[in-house]
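Q: See final_3.txt below, with compact mmCIF, C-alpha atoms.
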```txt
# COMPACT_ATOMS: atom_id res chain seq x y z
CA ASP A 1 -260.67 -6.58 86.33
CA SER A 2 -259.54 -3.32 87.84
CA VAL A 3 -257.98 -0.12 86.65
CA ALA A 4 -255.79 -0.53 89.75
CA LEU A 5 -253.96 -3.31 87.90
CA LEU A 6 -252.66 -0.85 85.32
CA PRO A 7 -249.16 0.27 86.24
CA LEU A 8 -248.62 4.00 86.02
CA ARG A 9 -247.27 4.91 82.60
CA LEU A 10 -247.82 1.43 81.22
CA CYS A 11 -247.15 2.93 77.83
CA LEU A 12 -245.33 6.21 77.42
CA ARG A 13 -247.44 7.10 74.37
CA PHE A 14 -250.60 7.24 76.45
CA VAL A 15 -251.90 9.64 79.06
CA TYR A 16 -254.30 8.20 81.62
CA MET A 17 -257.18 10.57 82.23
CA THR A 18 -260.62 10.56 83.75
CA CYS A 19 -263.49 12.98 84.09
CA LEU A 20 -265.91 12.94 87.01
CA ARG A 21 -269.09 14.85 87.62
CA ASP A 22 -271.23 15.36 90.70
CA PRO A 23 -272.46 11.84 91.55
CA VAL A 24 -276.15 12.75 91.78
CA ALA A 25 -275.93 14.80 88.56
CA ARG A 26 -274.36 11.69 86.94
CA ILE A 27 -277.35 9.60 88.03
CA LYS A 28 -279.81 12.19 86.68
CA SER A 29 -277.92 12.32 83.37
CA SER A 30 -277.99 8.54 83.14
CA ILE A 31 -281.77 8.56 83.57
CA LYS A 32 -282.08 11.09 80.75
CA PHE A 33 -279.81 9.01 78.51
CA HIS A 34 -281.50 5.69 79.25
CA ARG A 35 -284.98 6.89 78.41
CA LYS A 36 -286.77 3.87 79.93
CA GLN A 37 -285.39 4.53 83.41
CA THR A 38 -287.49 6.48 85.87
CA GLU A 39 -286.84 8.28 89.11
CA SER A 40 -288.78 5.60 91.01
CA MET A 41 -286.71 2.79 89.41
CA VAL A 42 -283.53 4.54 90.49
CA THR A 43 -284.87 5.06 94.01
CA ASP A 44 -285.74 1.34 94.16
CA TRP A 45 -282.18 0.42 93.09
CA ALA A 46 -280.88 2.69 95.87
CA THR A 47 -283.05 1.08 98.55
CA LYS A 48 -283.31 -2.63 97.52
CA HIS A 49 -280.37 -4.54 96.07
CA ALA A 50 -280.72 -5.13 92.34
CA PHE A 51 -278.09 -6.30 89.88
CA ASP A 52 -278.51 -6.97 86.18
CA PRO A 53 -275.51 -8.83 84.71
CA ALA A 54 -276.77 -7.95 81.22
CA ALA A 55 -276.37 -4.21 81.97
CA PRO A 56 -274.12 -3.96 85.04
CA ILE A 57 -273.10 -0.35 84.47
CA SER A 58 -276.35 1.32 83.47
CA THR A 59 -278.87 -0.45 85.70
CA GLY A 60 -279.19 -1.82 89.19
CA SER A 61 -277.78 -0.86 92.55
CA PRO A 62 -274.12 -0.36 91.54
CA SER A 63 -275.19 2.40 89.13
CA VAL A 64 -276.73 4.44 91.99
CA ASP A 65 -274.68 3.28 95.01
CA ASN A 66 -271.18 4.80 94.94
CA PHE A 67 -270.61 4.05 91.26
CA TYR A 68 -267.27 5.92 91.11
CA VAL A 69 -265.81 4.20 94.17
CA ARG A 70 -266.97 0.83 92.87
CA SER A 71 -265.46 1.55 89.44
CA PHE A 72 -262.07 2.79 90.65
CA ALA A 73 -261.72 0.23 93.47
CA GLY A 74 -262.17 -2.73 91.11
CA ARG A 75 -264.35 -5.73 90.37
CA GLU A 76 -264.73 -6.97 93.93
CA ALA A 77 -265.94 -3.57 95.13
CA TYR A 78 -268.15 -3.14 92.07
CA LEU A 79 -270.02 -6.38 92.75
CA ARG A 80 -270.68 -5.72 96.45
CA PRO A 81 -274.33 -5.68 97.54
CA LEU A 82 -276.22 -2.43 98.02
CA GLY A 83 -274.88 -0.36 100.90
CA SER A 84 -271.69 -2.34 101.42
CA VAL A 85 -269.09 -0.11 99.77
CA SER A 86 -266.58 0.41 102.55
CA GLU A 87 -264.12 3.06 103.66
CA ALA A 88 -261.38 0.64 102.51
CA ASP A 89 -262.96 0.70 99.03
CA LEU A 90 -262.96 4.51 99.16
CA SER A 91 -259.27 4.52 100.16
CA LYS A 92 -258.40 2.19 97.29
CA ALA A 93 -260.38 4.33 94.84
CA LYS A 94 -258.55 7.46 96.05
CA GLN A 95 -255.21 5.71 95.64
CA VAL A 96 -256.05 4.58 92.09
CA LEU A 97 -257.37 8.00 91.15
CA GLY A 98 -254.38 9.84 92.60
CA GLU A 99 -251.63 7.50 91.39
CA THR A 100 -252.85 6.12 88.07
CA PHE A 101 -254.39 9.09 86.30
CA GLU A 102 -252.19 11.97 85.14
CA VAL A 103 -255.19 14.05 84.10
CA VAL A 104 -258.20 14.39 86.38
CA LEU A 105 -261.03 16.55 85.10
CA ILE A 106 -264.21 17.71 86.80
CA LEU A 107 -267.08 18.19 84.38
CA GLU A 108 -268.59 21.11 86.32
CA ARG A 109 -265.18 22.86 86.24
CA PHE A 110 -264.11 21.81 82.78
CA ASP A 111 -263.10 25.36 81.86
CA ARG A 112 -260.66 25.33 84.79
CA ASP A 113 -259.32 21.86 84.00
CA LEU A 114 -258.97 22.15 80.21
CA VAL A 115 -255.41 23.41 80.75
CA GLN A 116 -254.43 19.87 81.82
CA LEU A 117 -255.36 18.57 78.37
CA GLU A 118 -253.37 21.39 76.80
CA ALA A 119 -250.32 20.50 78.93
CA PHE A 120 -250.41 16.71 78.58
CA LEU A 121 -251.57 16.46 74.99
CA GLY A 122 -249.72 19.47 73.62
CA TRP A 123 -252.92 21.19 72.58
CA LYS A 124 -252.96 24.88 71.93
CA THR A 125 -255.43 26.99 73.89
CA THR A 126 -258.76 25.43 73.15
CA VAL A 127 -262.23 26.92 73.26
CA LEU A 128 -265.00 24.38 73.41
CA GLY A 129 -268.61 25.04 72.66
CA ARG A 130 -271.23 23.79 75.05
CA ALA A 131 -272.54 20.33 74.27
CA LYS A 132 -276.25 20.09 73.73
CA SER A 133 -277.95 18.61 76.75
CA THR A 134 -279.92 15.42 76.40
CA ALA A 135 -283.19 16.85 75.22
CA GLY A 136 -286.64 15.71 76.04
CA LYS A 137 -286.93 13.87 79.30
CA LYS A 138 -287.01 16.01 82.42
CA VAL A 139 -285.61 14.42 85.56
CA ALA A 140 -287.30 15.57 88.75
CA PHE A 141 -286.46 13.78 91.96
CA THR A 142 -288.47 14.62 95.04
CA ALA A 143 -286.49 16.02 97.97
CA THR A 144 -286.84 12.60 99.64
CA GLN A 145 -285.49 10.76 96.58
CA GLU A 146 -282.58 13.17 96.20
CA GLY A 147 -281.81 12.77 99.92
CA ILE A 148 -281.73 8.99 99.54
CA LEU A 149 -279.28 9.29 96.65
CA ARG A 150 -277.04 11.77 98.48
CA ARG A 151 -276.91 9.55 101.60
CA ARG A 152 -276.41 6.39 99.53
CA ASN A 153 -273.51 8.03 97.65
CA LYS A 154 -271.57 9.35 100.65
CA GLN A 155 -268.30 7.71 99.55
CA ASP A 156 -268.78 8.90 95.95
CA LEU A 157 -269.31 12.46 97.15
CA ASP A 158 -266.09 12.14 99.20
CA LEU A 159 -264.21 10.75 96.18
CA TYR A 160 -265.63 13.54 94.01
CA ALA A 161 -264.32 16.18 96.46
CA PHE A 162 -260.94 14.40 96.51
CA ALA A 163 -260.87 14.36 92.68
CA ASP A 164 -261.81 18.05 92.57
CA ALA A 165 -258.85 18.90 94.84
CA ILE A 166 -256.51 16.86 92.60
CA ALA A 167 -257.90 18.51 89.47
CA GLU A 168 -257.52 21.97 91.00
CA ARG A 169 -253.85 21.32 91.94
CA ARG A 170 -253.00 19.79 88.57
CA SER A 171 -254.73 22.57 86.66
CA ALA A 172 -252.83 25.19 88.68
CA ALA A 173 -249.55 23.38 87.96
CA ALA A 174 -250.42 23.17 84.25
CA ASN A 175 -251.22 26.88 84.25
CA GLN A 176 -247.80 27.61 85.77
CA LEU A 177 -246.12 25.59 83.01
CA LYS A 178 -248.20 27.47 80.44
CA LEU A 179 -247.12 30.82 81.91
CA ARG A 180 -243.45 29.75 81.70
CA GLY A 181 -243.96 28.84 78.05
CA ARG A 182 -243.53 25.06 78.36
```
So, in terms of structure tokens, how does the structure I just supplied come out?
A:
Amino acid sequence: DSVALLPLRLCLRFVYMTCLRDPVARIKSSIKFHRKQTESMVTDWATKHAFDPAAPISTGSPSVDNFYVRSFAGREAYLRPLGSVSEADLSKAKQVLGETFEVVLILERFDRDLVQLEAFLGWKTTVLGRAKSTAGKKVAFTATQEGILRRRNKQDLDLYAFADAIAERRSAAANQLKLRGR
């Protein structure tokens, strides 16, 4: 039910990692990927509670209302009604993120954070090409719609900043190991 139930280092052959991106950019990307979604549908989900058990991750209010906090804090938090993700949920999500995942990556700073993958997976210096963006559909929120999403995702933006600080520290530590030849 929750990633929080996974004990740290459950299996020594695995490395627990996650990658986050700016919460509003994640929503925009989701709209591009799910071609039938529109900006107005997403705004509706962010202002009137909607939940679709057939597609609980890609549609409805949880997908646009603090999705990261809901996901890291567990099932109970994920199923809360629109606007009811709490500071306690945010604290739990921060705890899970900080204590369960050895590698925390930020998509917008992937070049900075790639060194964590090198350190934990034993990769040699890696150069990645840029992935092709989802072509076709242009996502254009009005300033009002974007404001609604930013306000609605206050806890996600806080968790994202927390994750970025973790990623920065862990990438710096991995760089130090790399410099020492480990």
Q: List every protein, DNA or RNA residue that has an atom no more than 10 Å from (-263.3, 20.3, 83.8) in the file's coordinate frame, counting only C-alpha atoms, and report them as number ranges by chain.
A: A: 19-21, 104-117, 164, 167-168, 171
Q: Can you tell me, as a short mmCIF file (atom, residue, chain, number, x, y, z; two decimals) with C-alpha atoms, in the frame of the given file, what residues are no more than 12 Å from stretch 144-157 of chain A when counting only C-alpha atoms, ignoring any on the same chain fewer than 5 positions away?
A:
```
data_model
loop_
_atom_site.label_atom_id
_atom_site.label_comp_id
_atom_site.auth_asym_id
_atom_site.auth_seq_id
_atom_site.Cartn_x
_atom_site.Cartn_y
_atom_site.Cartn_z
CA LEU A 20 -265.91 12.94 87.01
CA ARG A 21 -269.09 14.85 87.62
CA ASP A 22 -271.23 15.36 90.70
CA PRO A 23 -272.46 11.84 91.55
CA VAL A 24 -276.15 12.75 91.78
CA ALA A 25 -275.93 14.80 88.56
CA ARG A 26 -274.36 11.69 86.94
CA ILE A 27 -277.35 9.60 88.03
CA LYS A 28 -279.81 12.19 86.68
CA THR A 38 -287.49 6.48 85.87
CA GLU A 39 -286.84 8.28 89.11
CA SER A 40 -288.78 5.60 91.01
CA MET A 41 -286.71 2.79 89.41
CA VAL A 42 -283.53 4.54 90.49
CA THR A 43 -284.87 5.06 94.01
CA ASP A 44 -285.74 1.34 94.16
CA TRP A 45 -282.18 0.42 93.09
CA ALA A 46 -280.88 2.69 95.87
CA THR A 47 -283.05 1.08 98.55
CA LYS A 48 -283.31 -2.63 97.52
CA SER A 61 -277.78 -0.86 92.55
CA PRO A 62 -274.12 -0.36 91.54
CA SER A 63 -275.19 2.40 89.13
CA VAL A 64 -276.73 4.44 91.99
CA ASP A 65 -274.68 3.28 95.01
CA ASN A 66 -271.18 4.80 94.94
CA PHE A 67 -270.61 4.05 91.26
CA TYR A 68 -267.27 5.92 91.11
CA VAL A 69 -265.81 4.20 94.17
CA ARG A 70 -266.97 0.83 92.87
CA SER A 71 -265.46 1.55 89.44
CA PHE A 72 -262.07 2.79 90.65
CA ALA A 73 -261.72 0.23 93.47
CA LEU A 82 -276.22 -2.43 98.02
CA GLY A 83 -274.88 -0.36 100.90
CA SER A 84 -271.69 -2.34 101.42
CA VAL A 85 -269.09 -0.11 99.77
CA SER A 86 -266.58 0.41 102.55
CA GLU A 87 -264.12 3.06 103.66
CA ALA A 88 -261.38 0.64 102.51
CA ASP A 89 -262.96 0.70 99.03
CA LEU A 90 -262.96 4.51 99.16
CA SER A 91 -259.27 4.52 100.16
CA LYS A 92 -258.40 2.19 97.29
CA ALA A 93 -260.38 4.33 94.84
CA LYS A 94 -258.55 7.46 96.05
CA VAL A 139 -285.61 14.42 85.56
CA PHE A 162 -260.94 14.40 96.51
CA ALA A 163 -260.87 14.36 92.68
CA ASP A 164 -261.81 18.05 92.57
#
```
Q: Taking all atoms listed in the file into account, which of A:Ile31, A:Ile166, A:Ala119, A:Ala50 comes nearest A:Leu97?
A: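 That would be A:Ile166, the residue with the smallest distance to A:Leu97.
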Q: Between A:Thr142, A:Thr100, A:Asn175, A:Thr59, which is the closest to A:Gln37 once you count only C-alpha atoms?
A: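 The closest residue to A:Gln37 is A:Thr59.
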Q: Quick check, in Å to one decimal: how far apart do atom CA of A:His49 and atom CA of A:Arg80 lie?
A: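 About the pair atom CA of A:His49 and atom CA of A:Arg80: they are 9.8 Å apart.
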Q: Would you work out the distance separating atom CA of A:Leu159 from atom CA of A:Ser58, expressed in Å to one decimal?
A: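 A separation of 19.9 Å between them.
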Q: Quick check, in Å to one decimal: how far apart do atom CA of A:Phe101 and atom CA of A:Thr18 lie?
A: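 Between atom CA of A:Phe101 and atom CA of A:Thr18 the gap works out to 6.9 Å.
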Q: Excluding A:Glu102 and any residue of its chain fewer than 4 positions from it, enumerate the residues within 8 Å of it, using only C-alpha atoms, and give them as a PyMOL selection string.
A: chain A and resi 15-17
Q: Which residue gives the smallest distance to A:Trp123 among A:Phe33, A:Asp158, A:Lys178, A:Pro56, with only C-alpha atoms counted?
A: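 When distances to A:Trp123 are compared using only C-alpha atoms, the smallest one comes from A:Lys178.
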